[in-house]
Amino acid sequence: MVARVVPVDPFDLVVFGATGDLARRKLIPALYHRLHDGQMPEGARIIAAARRDLDDEGYRDIASRALDEFVEAAALDEKTRDRFLRSIGYVQVDVESDDGWDALAKALPPADGRPRVFYLSVAPRHFGIIAEKVHRAGLSDSDSRIVIEKPLGHDLASAQELNDCFSGHFEERQIYRIDHYLGKETVQNLMALRFANALFEPLWNARHVDHVQITVAEKVGVEGRGAYYDEMGAMRDMAQNHLLQLLCLIAMEPPARLEPDEVRDEKLKVLRALAPLTDPESVVRGQYARTNGSPSYTEDVGHPGSRTESFVALKAEVANWRWSGVPFYLRTGKRLRTRVSEIAVVFKEAPHSIFPPASGRAGNNVLAIRLQPDEGITLGMTIKEPGPGGMRLTSAELDMTFADTLGATKLRMPDAYERLVMDVVRGDQTLFMRGDEVEAAWAWIDPIIALWDERGDRPISYDQGSSGPEDALMLMHRDGRRWREIAV
Ligand code: NAP
């Protein structure tokens, strides 16, 4: 099977912060791939904007080096590279001053119905000023789109402020808030699995699901982003957005149609159904310790007294008819054993065993949705151990990625940004967070953090390379359950 590519209409994409890490590591490679695969049409223009003094050629050098660094060699060919680089121009703009805006206006010919996208790959403190200046310079029209990414605020009040600063100049339908987890192929496949198959729906509720686990484990530490991370911590940086968005996709009701607002309405209902987390035993905060000579979290961020958590595990409850009594265990952390992101829907055990004790125990069926490193979906089943040795039960995994059927082994998994940027151009907001979702997530998170601040205690230390603090294991052990291994 060949991946079907539908070219988008020609567009103009202005990337503010085009010299930065996100633009070089993710955006430029994503756009290159879309051109390479025939989706970015001839005539699409990328206007790179940043503060430093460069001309078109100077920026093309930066972009070309980004391709060498972040695009796999097999996908790089000189003809496509040339075509891609020729589609990029550079404008020097200092968003904090009035310098460069005239040049940007000149670089942008009349839109003439072409979608115009403003991608804000800059620090959040620049979001408001750019939205205002784009509007004031007359660069946007009712078909323009603006794209931003986390952090979308620091708490509910700042998220509301951010939403307000955009809403003065852009309508909600023009604002694209990226959570790149939602652009992952497997996350979209989860929607197909749930809503295009009748098989799972009857089981997708408190009668049949024992619990849900969502893990986003990182092997890396703060990686040069110490100052930023120390302000945020795992709860704000990961749980408020990625973990809660994944929880929403598992827990939401089927939308009537795959329309952006129908999907987002359902996700919002889940966020609003989250029971307030008032039991301190239901949340564990951790901070990685110095381990085998590798610096501790506080050393990494250069803040000896820091109480910021580099790990959080919690037990959430979606208080509605479908999920009443089903715990959703979430955990995320840095410097853990390995890098893995996974959702596991653990079904209840069979109600009665017909097998003699010597056969062994039937395990719970587990639907595991792996987001990284190897995207895929498996269903854990109990089967008979093959052979003549009598009835012995063993577990086996059914690979639901259907690589052989789809020829997916030969297909490159597109990066989430490739999908998301093309969705912005197409004007499809389904995989983007709406302002009220972001606010609802903060409204649930804020009281948890306020409780920590009130108590003033320190996060629990954990060893680097481990699965996090012991207390996180206890969070599930107390309920007679256990986390899945953090393993590839
Ligand atoms: P970065 O590497 O620090 O890059 C910042 C960019 O902003 C540079 O291109 C810089 O241009 C430009 N800039 C700074 N001040 C400016 C000004 N006054 N006028 C015009 N341009 C200015 O940051 P980043 O890591 O790419 O992150 C960008 C945004 O994405 C942030 O909001 C970040 O939180 C978010 N984000 C990043 C990642 C990631 O993986 N990096 C992941 C998720 C979210 P000069 O080089 O010319 O100074």
# chains A, B, ... in the order shown; residues from 1 in each chain; ligands from 1

call {"tool": "select_by_dssp", "arguments": {"residues": "region 181-360 of chain A", "states": "strand (DSSP E or B)", "output": "VMD selection string"}}
result
chain A and resid 209 to 217 274 283 to 288 291 294 311 to 318 327 to 333 336 340 to 347

call {"tool": "residues_near_ligand", "arguments": {"ligand": "ligand 1", "cutoff": "6 Å", "atoms": "only C-alpha atoms and all ligand atoms", "output": "list in words"}}
result
Gly17, Ala18, Thr19, Gly20, Asp21, Leu22, Ala23, Ala50, Arg51, Arg52, Val93, Asp94, Val95, Glu96, Ser121, Val122, Ala123, Pro124, Glu149, Lys150 and Pro151 of chain A

call {"tool": "closest_atom_pairs", "arguments": {"of": "region 67-168 of chain A", "to": "region 426-435 of chain A", "cutoff": "9 Å", "atoms": "only C-alpha atoms", "output": "CSV"}}
result
residue,atom,partner,partner_atom,distance
A:Pro115,CA,A:Arg426,CA,8.3
A:Asp143,CA,A:Gly427,CA,8.9
A:Arg145,CA,A:Gly427,CA,8.1
A:Ala159,CA,A:Gly435,CA,8.4
A:Gln160,CA,A:Gly435,CA,8.2
A:Asn163,CA,A:Gly435,CA,6.3

call {"tool": "residues_around", "arguments": {"residues": "region 442-451 of chain A", "least_positions_apart": "5", "cutoff": "7 Å", "atoms": "only C-alpha atoms", "output": "PyMOL selection string"}}
result
chain A and resi 155-156+240+276-277

call {"tool": "atom_distance", "arguments": {"atom1": "CA of Met238 (chain A)", "atom2": "CA of Gly456 (chain A)"}}
result
21.6 Å

call {"tool": "residues_around", "arguments": {"residues": "Cys165 (chain A)", "least_positions_apart": "3", "cutoff": "12 Å", "atoms": "only C-alpha atoms", "output": "NGL selection string"}}
result
:A and (124-133 or 135 or 152-153 or 158-162 or 168-172 or 175 or 435)

call {"tool": "write_last_selection", "arguments": {"atoms": "C-alpha atoms", "output": "mmCIF file, in the first residue's frame"}}
result
data_model
loop_
_atom_site.group_PDB
_atom_site.id
_atom_site.type_symbol
_atom_site.label_atom_id
_atom_site.label_comp_id
_atom_site.auth_asym_id
_atom_site.auth_seq_id
_atom_site.Cartn_x
_atom_site.Cartn_y
_atom_site.Cartn_z
ATOM 1 C CA PRO A 124 5.595 33.007 24.977
ATOM 2 C CA ARG A 125 6.322 36.544 26.191
ATOM 3 C CA HIS A 126 6.356 37.511 22.490
ATOM 4 C CA PHE A 127 3.010 35.916 21.606
ATOM 5 C CA GLY A 128 0.822 38.901 22.490
ATOM 6 C CA ILE A 129 2.988 41.520 20.849
ATOM 7 C CA ILE A 130 3.264 39.531 17.606
ATOM 8 C CA ALA A 131 -0.506 38.969 17.436
ATOM 9 C CA GLU A 132 -1.041 42.684 17.920
ATOM 10 C CA LYS A 133 1.631 43.814 15.456
ATOM 11 C CA HIS A 135 -2.921 42.721 13.105
ATOM 12 C CA LEU A 152 0.160 27.981 27.064
ATOM 13 C CA GLY A 153 0.265 29.777 30.372
ATOM 14 C CA SER A 158 -2.052 33.404 32.732
ATOM 15 C CA ALA A 159 -3.733 31.013 30.263
ATOM 16 C CA GLN A 160 -6.807 33.221 30.286
ATOM 17 C CA GLU A 161 -4.611 36.273 29.717
ATOM 18 C CA LEU A 162 -2.962 34.536 26.764
ATOM 19 C CA GLY A 168 -8.567 40.655 20.473
ATOM 20 C CA HIS A 169 -7.051 40.088 17.025
ATOM 21 C CA PHE A 170 -7.974 36.587 15.891
ATOM 22 C CA GLU A 171 -11.102 34.499 16.122
ATOM 23 C CA GLU A 172 -10.933 31.136 17.869
ATOM 24 C CA ILE A 175 -5.947 29.993 16.521
ATOM 25 C CA GLY A 435 -8.836 27.834 24.416
#

call {"tool": "closest_residue", "arguments": {"among": "A:Gly302, A:Pro356, A:Gly333, A:Pro255", "to": "Ser467 (chain A)", "atoms": "only C-alpha atoms"}}
result
A:Gly333

call {"tool": "atom_distance", "arguments": {"atom1": "CA of Ile460 (chain A)", "atom2": "CA of Val345 (chain A)"}}
result
27.8 Å

call {"tool": "closest_residue", "arguments": {"among": "A:Leu268, A:Val220, A:Ile62, A:Ala344", "to": "Asp300 (chain A)", "atoms": "only C-alpha atoms"}}
result
A:Val220

call {"tool": "residues_around", "arguments": {"residues": "region 314-321 of chain A", "least_positions_apart": "3", "cutoff": "7 Å", "atoms": "only C-alpha atoms", "output": "number ranges by chain"}}
result
A: 270, 273-275, 282-284, 324, 326-331

call {"tool": "write_last_selection", "arguments": {"atoms": "all heavy atoms", "output": "CSV table (one decimal), in the first residue's frame"}}
result
chain,number,residue,atom,x,y,z
A,270,VAL,N,-14.7,15.8,29.2
A,270,VAL,CA,-13.9,14.9,30.1
A,270,VAL,C,-13.1,15.8,31.1
A,270,VAL,O,-13.1,15.5,32.3
A,270,VAL,CB,-12.9,14.1,29.2
A,270,VAL,CG1,-11.9,13.3,30.1
A,270,VAL,CG2,-13.6,13.2,28.3
A,273,ALA,N,-15.1,16.8,33.8
A,273,ALA,CA,-15.6,15.7,34.6
A,273,ALA,C,-14.5,15.2,35.6
A,273,ALA,O,-14.8,14.3,36.4
A,273,ALA,CB,-16.1,14.6,33.8
A,274,LEU,N,-13.3,15.7,35.4
A,274,LEU,CA,-12.2,15.2,36.3
A,274,LEU,C,-12.5,15.6,37.8
A,274,LEU,O,-12.8,16.8,38.0
A,274,LEU,CB,-10.9,15.9,35.9
A,274,LEU,CG,-10.2,15.3,34.6
A,274,LEU,CD1,-9.0,16.1,34.2
A,274,LEU,CD2,-9.8,13.8,34.9
A,275,ALA,N,-12.5,14.7,38.6
A,275,ALA,CA,-12.8,15.0,40.0
A,275,ALA,C,-11.7,15.7,40.6
A,275,ALA,O,-10.5,15.4,40.3
A,275,ALA,CB,-13.0,13.7,40.8
A,282,SER,N,-2.8,10.7,46.5
A,282,SER,CA,-3.1,10.3,45.0
A,282,SER,C,-2.1,11.0,44.1
A,282,SER,O,-2.2,10.9,42.9
A,282,SER,CB,-4.5,10.7,44.7
A,282,SER,OG,-5.4,9.9,45.3
A,283,VAL,N,-1.2,11.8,44.6
A,283,VAL,CA,-0.2,12.5,43.8
A,283,VAL,C,1.2,12.3,44.4
A,283,VAL,O,1.4,12.5,45.6
A,283,VAL,CB,-0.4,14.0,43.7
A,283,VAL,CG1,0.4,14.7,42.6
A,283,VAL,CG2,-1.9,14.4,43.6
A,284,VAL,N,2.1,11.9,43.5
A,284,VAL,CA,3.5,11.8,44.0
A,284,VAL,C,4.4,12.7,43.2
A,284,VAL,O,4.3,12.7,41.9
A,284,VAL,CB,4.0,10.3,43.8
A,284,VAL,CG1,5.4,10.1,44.2
A,284,VAL,CG2,3.1,9.3,44.6
A,324,SER,N,-17.1,5.9,36.0
A,324,SER,CA,-17.2,5.9,37.5
A,324,SER,C,-16.4,4.8,38.1
A,324,SER,O,-16.6,3.6,37.8
A,324,SER,CB,-18.6,5.9,37.9
A,324,SER,OG,-18.7,5.9,39.3
A,326,VAL,N,-13.2,4.0,37.7
A,326,VAL,CA,-12.1,3.5,37.0
A,326,VAL,C,-10.9,4.5,37.2
A,326,VAL,O,-11.0,5.6,36.7
A,326,VAL,CB,-12.4,3.4,35.5
A,326,VAL,CG1,-11.1,2.9,34.7
A,326,VAL,CG2,-13.5,2.5,35.2
A,327,PRO,N,-9.8,4.1,37.8
A,327,PRO,CA,-8.7,5.0,38.0
A,327,PRO,C,-7.9,5.2,36.7
A,327,PRO,O,-7.7,4.3,35.9
A,327,PRO,CB,-7.9,4.4,39.1
A,327,PRO,CG,-8.4,3.0,39.3
A,327,PRO,CD,-9.6,2.8,38.5
A,328,PHE,N,-7.5,6.4,36.5
A,328,PHE,CA,-6.6,6.8,35.4
A,328,PHE,C,-5.3,7.2,36.1
A,328,PHE,O,-5.2,8.2,36.7
A,328,PHE,CB,-7.2,8.0,34.6
A,328,PHE,CG,-8.3,7.6,33.6
A,328,PHE,CD1,-9.5,7.3,34.1
A,328,PHE,CD2,-8.1,7.5,32.3
A,328,PHE,CE1,-10.6,6.9,33.3
A,328,PHE,CE2,-9.1,7.2,31.4
A,328,PHE,CZ,-10.4,6.9,31.9
A,329,TYR,N,-4.3,6.3,35.9
A,329,TYR,CA,-3.0,6.6,36.5
A,329,TYR,C,-2.1,7.2,35.5
A,329,TYR,O,-1.9,6.7,34.4
A,329,TYR,CB,-2.3,5.3,37.0
A,329,TYR,CG,-3.1,4.5,38.0
A,329,TYR,CD1,-4.0,3.4,37.7
A,329,TYR,CD2,-3.0,4.8,39.4
A,329,TYR,CE1,-4.7,2.7,38.6
A,329,TYR,CE2,-3.7,4.1,40.4
A,329,TYR,CZ,-4.6,3.1,40.0
A,329,TYR,OH,-5.3,2.4,40.9
A,330,LEU,N,-1.6,8.4,35.8
A,330,LEU,CA,-0.7,9.1,34.9
A,330,LEU,C,0.6,9.3,35.5
A,330,LEU,O,0.7,9.5,36.7
A,330,LEU,CB,-1.3,10.5,34.6
A,330,LEU,CG,-2.8,10.7,34.3
A,330,LEU,CD1,-3.1,12.1,34.0
A,330,LEU,CD2,-3.3,9.8,33.2
A,331,ARG,N,1.7,9.2,34.7
A,331,ARG,CA,3.0,9.5,35.3
A,331,ARG,C,3.9,10.0,34.2
A,331,ARG,O,3.8,9.6,33.0
A,331,ARG,CB,3.7,8.3,35.9
A,331,ARG,CG,4.0,7.2,35.0
A,331,ARG,CD,4.7,6.0,35.6
A,331,ARG,NE,4.6,4.9,34.7
A,331,ARG,CZ,5.3,3.7,34.8
A,331,ARG,NH1,6.1,3.5,35.8
A,331,ARG,NH2,5.1,2.8,34.0

call {"tool": "closest_residue", "arguments": {"among": "A:Lys79, A:Ser144, A:Met191, A:Gly138", "to": "Asp102 (chain A)", "atoms": "only C-alpha atoms"}}
result
A:Gly138

call {"tool": "residues_around", "arguments": {"residues": "region 207-213 of chain A", "least_positions_apart": "2", "cutoff": "10 Å", "atoms": "only C-alpha atoms", "output": "PyMOL selection string"}}
result
chain A and resi 202-205+215+247+250-251+315-316+322-331+342-350+364-368+481-484

call {"tool": "write_last_selection", "arguments": {"atoms": "N, CA, C and O atoms", "output": "compact mmCIF listing (two decimals), in the first residue's frame"}}
result
# COMPACT_ATOMS: atom_id res chain seq x y z
N PRO A 202 -18.52 -1.55 23.23
CA PRO A 202 -19.25 -2.15 24.35
C PRO A 202 -18.38 -2.43 25.57
O PRO A 202 -18.87 -2.58 26.68
N LEU A 203 -17.06 -2.50 25.35
CA LEU A 203 -16.14 -2.81 26.46
C LEU A 203 -15.53 -1.55 27.08
O LEU A 203 -14.84 -1.62 28.10
N TRP A 204 -15.78 -0.42 26.44
CA TRP A 204 -15.04 0.81 26.77
C TRP A 204 -15.72 1.56 27.92
O TRP A 204 -16.25 2.65 27.75
N ASN A 205 -15.78 0.96 29.08
CA ASN A 205 -16.49 1.59 30.19
C ASN A 205 -16.11 0.90 31.50
O ASN A 205 -15.34 -0.06 31.52
N THR A 215 1.79 6.73 30.51
CA THR A 215 3.18 6.99 30.91
C THR A 215 3.88 7.80 29.83
O THR A 215 3.81 7.43 28.65
N LEU A 247 -5.47 11.43 27.99
CA LEU A 247 -6.58 10.93 28.81
C LEU A 247 -7.93 11.27 28.14
O LEU A 247 -8.83 10.43 28.08
N ILE A 250 -8.88 8.92 25.33
CA ILE A 250 -9.33 7.61 25.81
C ILE A 250 -10.73 7.71 26.39
O ILE A 250 -11.58 6.86 26.16
N ALA A 251 -10.97 8.78 27.15
CA ALA A 251 -12.19 8.83 27.96
C ALA A 251 -13.38 9.48 27.26
O ALA A 251 -14.51 9.32 27.69
N LYS A 315 -3.27 9.76 40.41
CA LYS A 315 -4.43 8.91 40.13
C LYS A 315 -5.62 9.84 39.92
O LYS A 315 -6.03 10.54 40.85
N ALA A 316 -6.13 9.84 38.70
CA ALA A 316 -7.24 10.74 38.38
C ALA A 316 -8.52 9.94 38.24
O ALA A 316 -8.49 8.73 37.98
N ARG A 322 -19.78 6.72 32.42
CA ARG A 322 -18.96 5.73 31.72
C ARG A 322 -17.78 5.26 32.58
O ARG A 322 -17.42 4.09 32.55
N TRP A 323 -17.18 6.18 33.31
CA TRP A 323 -15.90 5.86 33.94
C TRP A 323 -15.93 5.79 35.46
O TRP A 323 -14.87 5.63 36.08
N SER A 324 -17.09 5.90 36.04
CA SER A 324 -17.16 5.94 37.50
C SER A 324 -16.39 4.76 38.12
O SER A 324 -16.64 3.60 37.80
N GLY A 325 -15.45 5.07 38.99
CA GLY A 325 -14.70 4.03 39.70
C GLY A 325 -13.49 3.49 38.96
O GLY A 325 -12.77 2.64 39.48
N VAL A 326 -13.24 3.98 37.72
CA VAL A 326 -12.07 3.50 36.97
C VAL A 326 -10.91 4.49 37.16
O VAL A 326 -10.99 5.62 36.71
N PRO A 327 -9.84 4.08 37.84
CA PRO A 327 -8.74 5.03 38.00
C PRO A 327 -7.95 5.22 36.70
O PRO A 327 -7.74 4.26 35.95
N PHE A 328 -7.54 6.44 36.48
CA PHE A 328 -6.62 6.77 35.38
C PHE A 328 -5.31 7.16 36.06
O PHE A 328 -5.22 8.19 36.72
N TYR A 329 -4.31 6.28 35.94
CA TYR A 329 -3.01 6.55 36.55
C TYR A 329 -2.12 7.23 35.50
O TYR A 329 -1.92 6.69 34.41
N LEU A 330 -1.59 8.39 35.84
CA LEU A 330 -0.73 9.12 34.91
C LEU A 330 0.64 9.29 35.55
O LEU A 330 0.75 9.54 36.74
N ARG A 331 1.68 9.17 34.74
CA ARG A 331 3.02 9.47 35.28
C ARG A 331 3.91 10.00 34.17
O ARG A 331 3.77 9.61 32.99
N GLU A 342 3.32 5.78 26.41
CA GLU A 342 2.41 4.68 26.20
C GLU A 342 1.10 4.89 26.96
O GLU A 342 1.10 5.40 28.07
N ILE A 343 0.02 4.49 26.32
CA ILE A 343 -1.28 4.45 27.01
C ILE A 343 -1.64 2.97 27.11
O ILE A 343 -1.54 2.25 26.11
N ALA A 344 -2.05 2.52 28.29
CA ALA A 344 -2.47 1.12 28.41
C ALA A 344 -3.88 1.09 29.00
O ALA A 344 -4.13 1.63 30.08
N VAL A 345 -4.80 0.48 28.25
CA VAL A 345 -6.16 0.28 28.76
C VAL A 345 -6.19 -1.16 29.27
O VAL A 345 -6.04 -2.11 28.49
N VAL A 346 -6.31 -1.30 30.58
CA VAL A 346 -6.23 -2.64 31.20
C VAL A 346 -7.65 -3.11 31.50
O VAL A 346 -8.36 -2.48 32.29
N PHE A 347 -8.06 -4.18 30.84
CA PHE A 347 -9.42 -4.69 31.02
C PHE A 347 -9.50 -5.58 32.26
O PHE A 347 -8.48 -6.06 32.77
N LYS A 348 -10.72 -5.78 32.72
CA LYS A 348 -10.91 -6.62 33.91
C LYS A 348 -10.62 -8.07 33.58
O LYS A 348 -10.70 -8.48 32.42
N GLU A 349 -10.31 -8.83 34.62
CA GLU A 349 -10.05 -10.26 34.41
C GLU A 349 -11.35 -10.96 34.02
O GLU A 349 -12.45 -10.46 34.31
N ALA A 350 -11.21 -12.14 33.41
CA ALA A 350 -12.40 -12.94 33.12
C ALA A 350 -13.11 -13.22 34.46
O ALA A 350 -12.44 -13.43 35.47
N ASN A 364 -4.90 -10.02 32.59
CA ASN A 364 -5.85 -9.03 32.08
C ASN A 364 -5.52 -8.75 30.62
O ASN A 364 -4.34 -8.70 30.26
N ASN A 365 -6.53 -8.56 29.80
CA ASN A 365 -6.26 -8.09 28.44
C ASN A 365 -5.81 -6.64 28.53
O ASN A 365 -6.40 -5.85 29.29
N VAL A 366 -4.78 -6.30 27.78
CA VAL A 366 -4.28 -4.92 27.82
C VAL A 366 -4.18 -4.39 26.40
O VAL A 366 -3.49 -4.97 25.55
N LEU A 367 -4.86 -3.30 26.15
CA LEU A 367 -4.70 -2.62 24.87
C LEU A 367 -3.63 -1.55 25.09
O LEU A 367 -3.84 -0.62 25.87
N ALA A 368 -2.48 -1.73 24.45
CA ALA A 368 -1.37 -0.80 24.68
C ALA A 368 -1.13 0.04 23.43
O ALA A 368 -0.93 -0.51 22.35
N ARG A 481 -2.66 -2.98 42.13
CA ARG A 481 -2.30 -2.93 40.71
C ARG A 481 -0.83 -2.59 40.58
O ARG A 481 -0.19 -2.19 41.54
N ARG A 482 -0.31 -2.71 39.36
CA ARG A 482 1.09 -2.28 39.18
C ARG A 482 1.28 -1.62 37.82
O ARG A 482 0.56 -1.89 36.86
N TRP A 483 2.25 -0.74 37.82
CA TRP A 483 2.61 -0.06 36.57
C TRP A 483 3.19 -1.06 35.59
O TRP A 483 3.82 -2.03 35.99
N ARG A 484 3.00 -0.79 34.33
CA ARG A 484 3.74 -1.56 33.33
C ARG A 484 5.20 -1.14 33.38
O ARG A 484 5.51 -0.02 33.77

call {"tool": "atom_distance", "arguments": {"atom1": "CA of Val14 (chain A)", "atom2": "CA of Val117 (chain A)"}}
result
6.1 Å

call {"tool": "select_by_dssp", "arguments": {"residues": "region 84-174 of chain A", "states": "helix (DSSP H, G or I)", "output": "ChimeraX atom specification"}}
result
/A:84-86,101-107,124-136,156-167,172-174

call {"tool": "decode", "arguments": {"residues": "region 118-127 of chain A", "atoms": "all heavy atoms", "output": "compact mmCIF listing (two decimals), in the first residue's frame"}}
result
# COMPACT_ATOMS: atom_id res chain seq x y z
N PHE A 118 0.80 32.30 10.47
CA PHE A 118 1.85 32.90 11.29
C PHE A 118 2.20 31.90 12.39
O PHE A 118 1.37 31.61 13.26
CB PHE A 118 1.36 34.22 11.91
CG PHE A 118 1.01 35.24 10.86
CD1 PHE A 118 -0.30 35.40 10.43
CD2 PHE A 118 2.00 36.02 10.28
CE1 PHE A 118 -0.62 36.32 9.45
CE2 PHE A 118 1.69 36.95 9.29
CZ PHE A 118 0.38 37.10 8.88
N TYR A 119 3.39 31.34 12.29
CA TYR A 119 3.81 30.32 13.25
C TYR A 119 4.72 30.98 14.28
O TYR A 119 5.77 31.50 13.94
CB TYR A 119 4.57 29.21 12.50
CG TYR A 119 4.64 27.91 13.26
CD1 TYR A 119 4.05 26.77 12.77
CD2 TYR A 119 5.29 27.83 14.48
CE1 TYR A 119 4.11 25.56 13.46
CE2 TYR A 119 5.35 26.64 15.19
CZ TYR A 119 4.77 25.51 14.66
OH TYR A 119 4.82 24.33 15.36
N LEU A 120 4.29 30.99 15.54
CA LEU A 120 5.03 31.72 16.57
C LEU A 120 5.99 30.77 17.31
O LEU A 120 5.68 30.26 18.38
CB LEU A 120 4.04 32.37 17.55
CG LEU A 120 3.46 33.72 17.14
CD1 LEU A 120 3.02 33.79 15.71
CD2 LEU A 120 2.36 34.16 18.07
N SER A 121 7.16 30.58 16.70
CA SER A 121 8.16 29.69 17.30
C SER A 121 9.12 30.53 18.15
O SER A 121 10.33 30.50 17.96
CB SER A 121 8.89 28.95 16.18
OG SER A 121 9.73 27.98 16.71
N VAL A 122 8.55 31.31 19.03
CA VAL A 122 9.31 32.25 19.87
C VAL A 122 8.86 32.07 21.32
O VAL A 122 7.88 31.37 21.58
CB VAL A 122 9.03 33.72 19.46
CG1 VAL A 122 9.63 34.04 18.11
CG2 VAL A 122 7.54 34.00 19.45
N ALA A 123 9.54 32.74 22.24
CA ALA A 123 9.16 32.63 23.65
C ALA A 123 7.74 33.18 23.84
O ALA A 123 7.34 34.13 23.16
CB ALA A 123 10.16 33.42 24.49
N PRO A 124 6.99 32.59 24.77
CA PRO A 124 5.60 33.01 24.98
C PRO A 124 5.43 34.50 25.30
O PRO A 124 4.39 35.07 25.00
CB PRO A 124 5.14 32.16 26.16
CG PRO A 124 6.05 31.00 26.19
CD PRO A 124 7.35 31.44 25.61
N ARG A 125 6.48 35.12 25.87
CA ARG A 125 6.32 36.54 26.19
C ARG A 125 6.15 37.37 24.92
O ARG A 125 5.72 38.53 24.97
CB ARG A 125 7.49 37.06 27.04
CG ARG A 125 8.82 37.10 26.33
CD ARG A 125 9.92 37.73 27.19
NE ARG A 125 11.14 37.91 26.43
CZ ARG A 125 11.97 36.91 26.10
NH1 ARG A 125 11.71 35.69 26.50
NH2 ARG A 125 13.05 37.16 25.37
N HIS A 126 6.50 36.79 23.76
CA HIS A 126 6.36 37.51 22.49
C HIS A 126 5.02 37.25 21.79
O HIS A 126 4.72 37.90 20.79
CB HIS A 126 7.50 37.13 21.53
CG HIS A 126 8.83 37.62 21.97
ND1 HIS A 126 9.98 36.85 21.88
CD2 HIS A 126 9.21 38.79 22.51
CE1 HIS A 126 11.00 37.54 22.34
NE2 HIS A 126 10.56 38.71 22.73
N PHE A 127 4.23 36.30 22.31
CA PHE A 127 3.01 35.92 21.61
C PHE A 127 2.07 37.12 21.41
O PHE A 127 1.61 37.40 20.32
CB PHE A 127 2.24 34.83 22.37
CG PHE A 127 2.87 33.45 22.34
CD1 PHE A 127 2.34 32.43 23.13
CD2 PHE A 127 3.97 33.17 21.55
CE1 PHE A 127 2.90 31.16 23.12
CE2 PHE A 127 4.55 31.90 21.54
CZ PHE A 127 4.00 30.89 22.34
